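Here the structure comes first, spelled out in structure tokens, and everything after it is commentary.
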Amino acid sequence: MNITVLGNGGFGTAMALSQHRAGRTVRVLGHDHVYTSAIAATGRNPRYLPDVELPPELLFTADPVVALRDTDLVLAAVPTQHLRETLLELEDVMPESVPLVSLAKGLEQGSGLRPSEVLQEVFPSSPILCLSGPSHAEEIARNLPALVVIAGANDEVRRLVQTALTNETLRVYRNEDLLGVELCGALKNVIALAAGIAEGLGLGDNTKAAILARGLFEMTRFGLAEGARPETFHGLAGVGDLAVTAFSKHGRNRAFGERLGRGETLEQILESTQKVAEGVWTSRVVQERARDLGIEMPLTDAVCSVLFGGLTPEAAVRALMERAQRDETD
């Protein structure tokens, strides 16, 4: 099995390392030639996984021809907002009919498309899937156990990719609800921002637990309105990924929200980090779509107001607490 990973960020590198340990031939394609060459030369990815040693047999390259030669499976570990431009650069070298698996968790600005839809637009003849679930790069890279789901329309391809990616420390389940799995991955990042804001404000565990519970309700409401299956939101891609993202020290969106809660602005945080918090950009897409669907998304609205509307985190909390009384299931 030859596997190509598009993107040498934290999760792309961690998945490449996991598959290399399982005996796969893995090549990682980076867009920055200088940085990618440095990873190849030093066996380190200091920007994203500074404490992880990478074996010399794990190939890092900026040459797409080398990365995609004789590949059997492609894992697209590129942030949602950069996915399309990355794929378009590979149109002439991507092998036909090779399964493409999205590892991204967001919604594309402008189009509102899910990562799998972007993949399908660029490569219409390829089987498209997504991998999601509670799987922080830092723990995958340390070879700690993780359980995830592979979702896609074709059961035969799902089973093939499930078998290809499963190893001693990565257990992969199948799920045919591609829509729901991807929406879980996008929506949980928005709720994780809210959890981080609460952390930054010092609001305690009761508040964070309430955000997780109401956030899951909000995610499920959105998913059902879009046609996803409710059980997906109560599985690994839903509550599992939401919990780890909202509470873990590794959660980028939670950490981003925490800085907002401590008083930093969106611009200040963006200028100081190279790591991408997908929920920042996804929140606006979700908010606009929710309005089109005619559903309430109070936590998403609050996050958007803090990020883009000039509302202080303290004022956002007051507004949520002062909402009209209602039944819990409304």
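Residues in the structure tokens are named by chain (A, B, ... in the order shown) and by number from 1 within that chain; ligands are numbered from 1 in the order shown.
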
Practice task
Give the strand (DSSP E) residues of range 29-264 of chain A, as assigned by DSSP on the backbone, as a PyMOL selection string.
Solution key: chain A and resi 29+59-61+73-76+100-102+128-132+146-152+170-175

Handout entry: Selection near range 129-145 of chain A, 9 Å with only C-alpha atoms, sequence-local residues under 4 positions removed, as a ChimeraX atom specification
Key = /A:10-18,21,48-49,52,75,99-105,115-116,149-154,157-158,161,168-172,178,181-182,184-185,235-245,248,250-251

Exercise for the section: Quick one: pick out all helix (DSSP H, G or I) residues within range 28-217 of chain A from a backbone DSSP run and write them as a PyMOL selection string. Expected result: chain A and resi 33-42+64-68+80-88+115-122+137-141+155-165+178-201+204-217

Handout entry: Residue contacts of range 201-212 of chain A (10 Å, only C-alpha atoms) excluding same-chain residues fewer than 6 positions away, as a list of chain:residue names
Key =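 Near neighbours after the sequence-gap exclusion: A:Lys188, A:Ile191, A:Ala192, A:Ala194, A:Ala195, A:Glu218, A:Val239, A:Leu242, A:Ala243, A:Ala246, A:Phe247, A:Gly257, A:Glu258, A:Arg259, A:Leu260, A:Gly261, A:Arg262, A:Gly263, A:Leu299, A:Pro313, A:Glu314, A:Val317.
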
File of the preceding selection, N, CA, C and O atoms, as a PDB file, in the first residue's frame:
```
ATOM      1  N   LYS A 188     -18.254  21.227  15.228  1.00  0.00           N
ATOM      2  CA  LYS A 188     -17.639  21.088  16.558  1.00  0.00           C
ATOM      3  C   LYS A 188     -16.535  22.109  16.764  1.00  0.00           C
ATOM      4  O   LYS A 188     -16.248  22.514  17.905  1.00  0.00           O
ATOM      5  N   ILE A 191     -18.177  25.259  18.161  1.00  0.00           N
ATOM      6  CA  ILE A 191     -18.526  25.092  19.578  1.00  0.00           C
ATOM      7  C   ILE A 191     -17.269  25.089  20.447  1.00  0.00           C
ATOM      8  O   ILE A 191     -17.268  25.589  21.579  1.00  0.00           O
ATOM      9  N   ALA A 192     -16.176  24.541  19.925  1.00  0.00           N
ATOM     10  CA  ALA A 192     -14.921  24.550  20.670  1.00  0.00           C
ATOM     11  C   ALA A 192     -14.409  25.971  20.885  1.00  0.00           C
ATOM     12  O   ALA A 192     -13.799  26.278  21.922  1.00  0.00           O
ATOM     13  N   ALA A 194     -16.364  28.500  21.381  1.00  0.00           N
ATOM     14  CA  ALA A 194     -17.182  28.983  22.503  1.00  0.00           C
ATOM     15  C   ALA A 194     -16.657  28.436  23.829  1.00  0.00           C
ATOM     16  O   ALA A 194     -16.584  29.157  24.831  1.00  0.00           O
ATOM     17  N   ALA A 195     -16.276  27.149  23.839  1.00  0.00           N
ATOM     18  CA  ALA A 195     -15.723  26.559  25.061  1.00  0.00           C
ATOM     19  C   ALA A 195     -14.421  27.241  25.453  1.00  0.00           C
ATOM     20  O   ALA A 195     -14.152  27.478  26.645  1.00  0.00           O
ATOM     21  N   GLU A 218     -27.161  21.997  19.248  1.00  0.00           N
ATOM     22  CA  GLU A 218     -27.109  22.949  18.134  1.00  0.00           C
ATOM     23  C   GLU A 218     -26.550  22.284  16.877  1.00  0.00           C
ATOM     24  O   GLU A 218     -27.068  22.471  15.760  1.00  0.00           O
ATOM     25  N   VAL A 239     -20.105  13.804  19.146  1.00  0.00           N
ATOM     26  CA  VAL A 239     -19.793  14.105  20.546  1.00  0.00           C
ATOM     27  C   VAL A 239     -18.354  13.737  20.887  1.00  0.00           C
ATOM     28  O   VAL A 239     -17.703  14.425  21.701  1.00  0.00           O
ATOM     29  N   LEU A 242     -16.184  16.529  19.404  1.00  0.00           N
ATOM     30  CA  LEU A 242     -16.524  17.765  20.115  1.00  0.00           C
ATOM     31  C   LEU A 242     -15.876  17.803  21.492  1.00  0.00           C
ATOM     32  O   LEU A 242     -15.279  18.809  21.884  1.00  0.00           O
ATOM     33  N   ALA A 243     -15.977  16.706  22.221  1.00  0.00           N
ATOM     34  CA  ALA A 243     -15.434  16.671  23.579  1.00  0.00           C
ATOM     35  C   ALA A 243     -13.930  16.896  23.590  1.00  0.00           C
ATOM     36  O   ALA A 243     -13.405  17.710  24.359  1.00  0.00           O
ATOM     37  N   ALA A 246     -13.063  20.532  22.526  1.00  0.00           N
ATOM     38  CA  ALA A 246     -13.493  21.568  23.452  1.00  0.00           C
ATOM     39  C   ALA A 246     -12.702  21.569  24.759  1.00  0.00           C
ATOM     40  O   ALA A 246     -12.590  22.613  25.410  1.00  0.00           O
ATOM     41  N   PHE A 247     -12.142  20.417  25.150  1.00  0.00           N
ATOM     42  CA  PHE A 247     -11.526  20.325  26.470  1.00  0.00           C
ATOM     43  C   PHE A 247     -10.020  20.061  26.455  1.00  0.00           C
ATOM     44  O   PHE A 247      -9.338  20.321  27.433  1.00  0.00           O
ATOM     45  N   GLY A 257     -10.148  30.284  21.094  1.00  0.00           N
ATOM     46  CA  GLY A 257     -11.226  30.889  21.857  1.00  0.00           C
ATOM     47  C   GLY A 257     -10.779  31.380  23.220  1.00  0.00           C
ATOM     48  O   GLY A 257     -11.229  32.432  23.695  1.00  0.00           O
ATOM     49  N   GLU A 258      -9.871  30.631  23.840  1.00  0.00           N
ATOM     50  CA  GLU A 258      -9.362  31.054  25.149  1.00  0.00           C
ATOM     51  C   GLU A 258      -8.661  32.405  25.052  1.00  0.00           C
ATOM     52  O   GLU A 258      -8.826  33.271  25.924  1.00  0.00           O
ATOM     53  N   ARG A 259      -7.918  32.610  24.001  1.00  0.00           N
ATOM     54  CA  ARG A 259      -7.238  33.901  23.819  1.00  0.00           C
ATOM     55  C   ARG A 259      -8.251  35.027  23.587  1.00  0.00           C
ATOM     56  O   ARG A 259      -8.060  36.144  24.071  1.00  0.00           O
ATOM     57  N   LEU A 260      -9.332  34.706  22.877  1.00  0.00           N
ATOM     58  CA  LEU A 260     -10.398  35.696  22.714  1.00  0.00           C
ATOM     59  C   LEU A 260     -11.002  36.046  24.071  1.00  0.00           C
ATOM     60  O   LEU A 260     -11.253  37.219  24.374  1.00  0.00           O
ATOM     61  N   GLY A 261     -11.236  35.023  24.884  1.00  0.00           N
ATOM     62  CA  GLY A 261     -11.816  35.247  26.203  1.00  0.00           C
ATOM     63  C   GLY A 261     -10.925  36.068  27.115  1.00  0.00           C
ATOM     64  O   GLY A 261     -11.406  36.771  28.010  1.00  0.00           O
ATOM     65  N   ARG A 262      -9.625  36.014  26.872  1.00  0.00           N
ATOM     66  CA  ARG A 262      -8.683  36.784  27.683  1.00  0.00           C
ATOM     67  C   ARG A 262      -8.472  38.202  27.156  1.00  0.00           C
ATOM     68  O   ARG A 262      -7.663  38.955  27.694  1.00  0.00           O
ATOM     69  N   GLY A 263      -9.169  38.532  26.074  1.00  0.00           N
ATOM     70  CA  GLY A 263      -9.160  39.913  25.612  1.00  0.00           C
ATOM     71  C   GLY A 263      -8.432  40.204  24.334  1.00  0.00           C
ATOM     72  O   GLY A 263      -8.429  41.343  23.857  1.00  0.00           O
ATOM     73  N   LEU A 299     -25.186  29.706  20.046  1.00  0.00           N
ATOM     74  CA  LEU A 299     -23.754  29.675  20.348  1.00  0.00           C
ATOM     75  C   LEU A 299     -22.939  30.125  19.136  1.00  0.00           C
ATOM     76  O   LEU A 299     -21.972  30.879  19.271  1.00  0.00           O
ATOM     77  N   PRO A 313     -16.478  39.259  24.772  1.00  0.00           N
ATOM     78  CA  PRO A 313     -16.875  37.944  25.280  1.00  0.00           C
ATOM     79  C   PRO A 313     -17.830  38.038  26.468  1.00  0.00           C
ATOM     80  O   PRO A 313     -18.770  37.243  26.575  1.00  0.00           O
ATOM     81  N   GLU A 314     -17.597  39.004  27.346  1.00  0.00           N
ATOM     82  CA  GLU A 314     -18.476  39.161  28.508  1.00  0.00           C
ATOM     83  C   GLU A 314     -19.908  39.486  28.075  1.00  0.00           C
ATOM     84  O   GLU A 314     -20.884  38.939  28.607  1.00  0.00           O
ATOM     85  N   VAL A 317     -21.684  36.397  26.667  1.00  0.00           N
ATOM     86  CA  VAL A 317     -22.181  35.505  27.715  1.00  0.00           C
ATOM     87  C   VAL A 317     -23.475  36.052  28.302  1.00  0.00           C
ATOM     88  O   VAL A 317     -24.452  35.316  28.505  1.00  0.00           O
TER      89      VAL A 317
END
```

Report as CSV the residues of range 93-120 of chain A within 8 Å of range 275-289 of chain A, each with its shortest atom pair and distance in Å (one decimal), using only C-alpha atoms, ordered by chain and increasing residue number.
```
residue,atom,partner,partner_atom,distance
A:Lys105,CA,A:Glu278,CA,6.9
A:Gly106,CA,A:Thr282,CA,5.7
A:Leu107,CA,A:Thr282,CA,5.4
A:Glu108,CA,A:Thr282,CA,7.3
A:Gln109,CA,A:Val285,CA,6.3
A:Gly110,CA,A:Val285,CA,7.8
A:Gly112,CA,A:Val285,CA,6.0
```

Handout entry: Pick from A:Leu216, A:Gly9, A:Gln120, A:Arg24, whichever lies nearest to Pro50 in chain A using only C-alpha atoms
Key =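 Of A:Leu216, A:Gly9, A:Gln120, A:Arg24, the one nearest Pro50 in chain A is A:Gly9, counting only C-alpha atoms.
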
Problem - Residues within 12 Å of range 322-327 of chain A, only C-alpha atoms, excluding chain neighbours under 5 positions, as a ChimeraX atom specification - result: /A:296,298-299,302,315-317

Exercise for the section: Write out as a list in words which residues come within 8 Å of Asn8 in chain A when counting only C-alpha atoms, dropping same-chain ones fewer than 5 positions away. Expected result: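 After dropping sequence-adjacent residues, the list is Thr13, Val28, Leu29, Gly30, Thr36, Phe60 and Ala77 of chain A.
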
Handout entry: Atom pair CA of Leu90 in chain A / CA of Leu119 in chain A: separation (Å)
Key = 11.4 Å

Exercise for the section: Determine the nearest neighbour of Leu83 in chain A from the options A:Arg69, A:His31, A:Arg229, A:Arg174, counting only C-alpha atoms. Expected result: A:His31
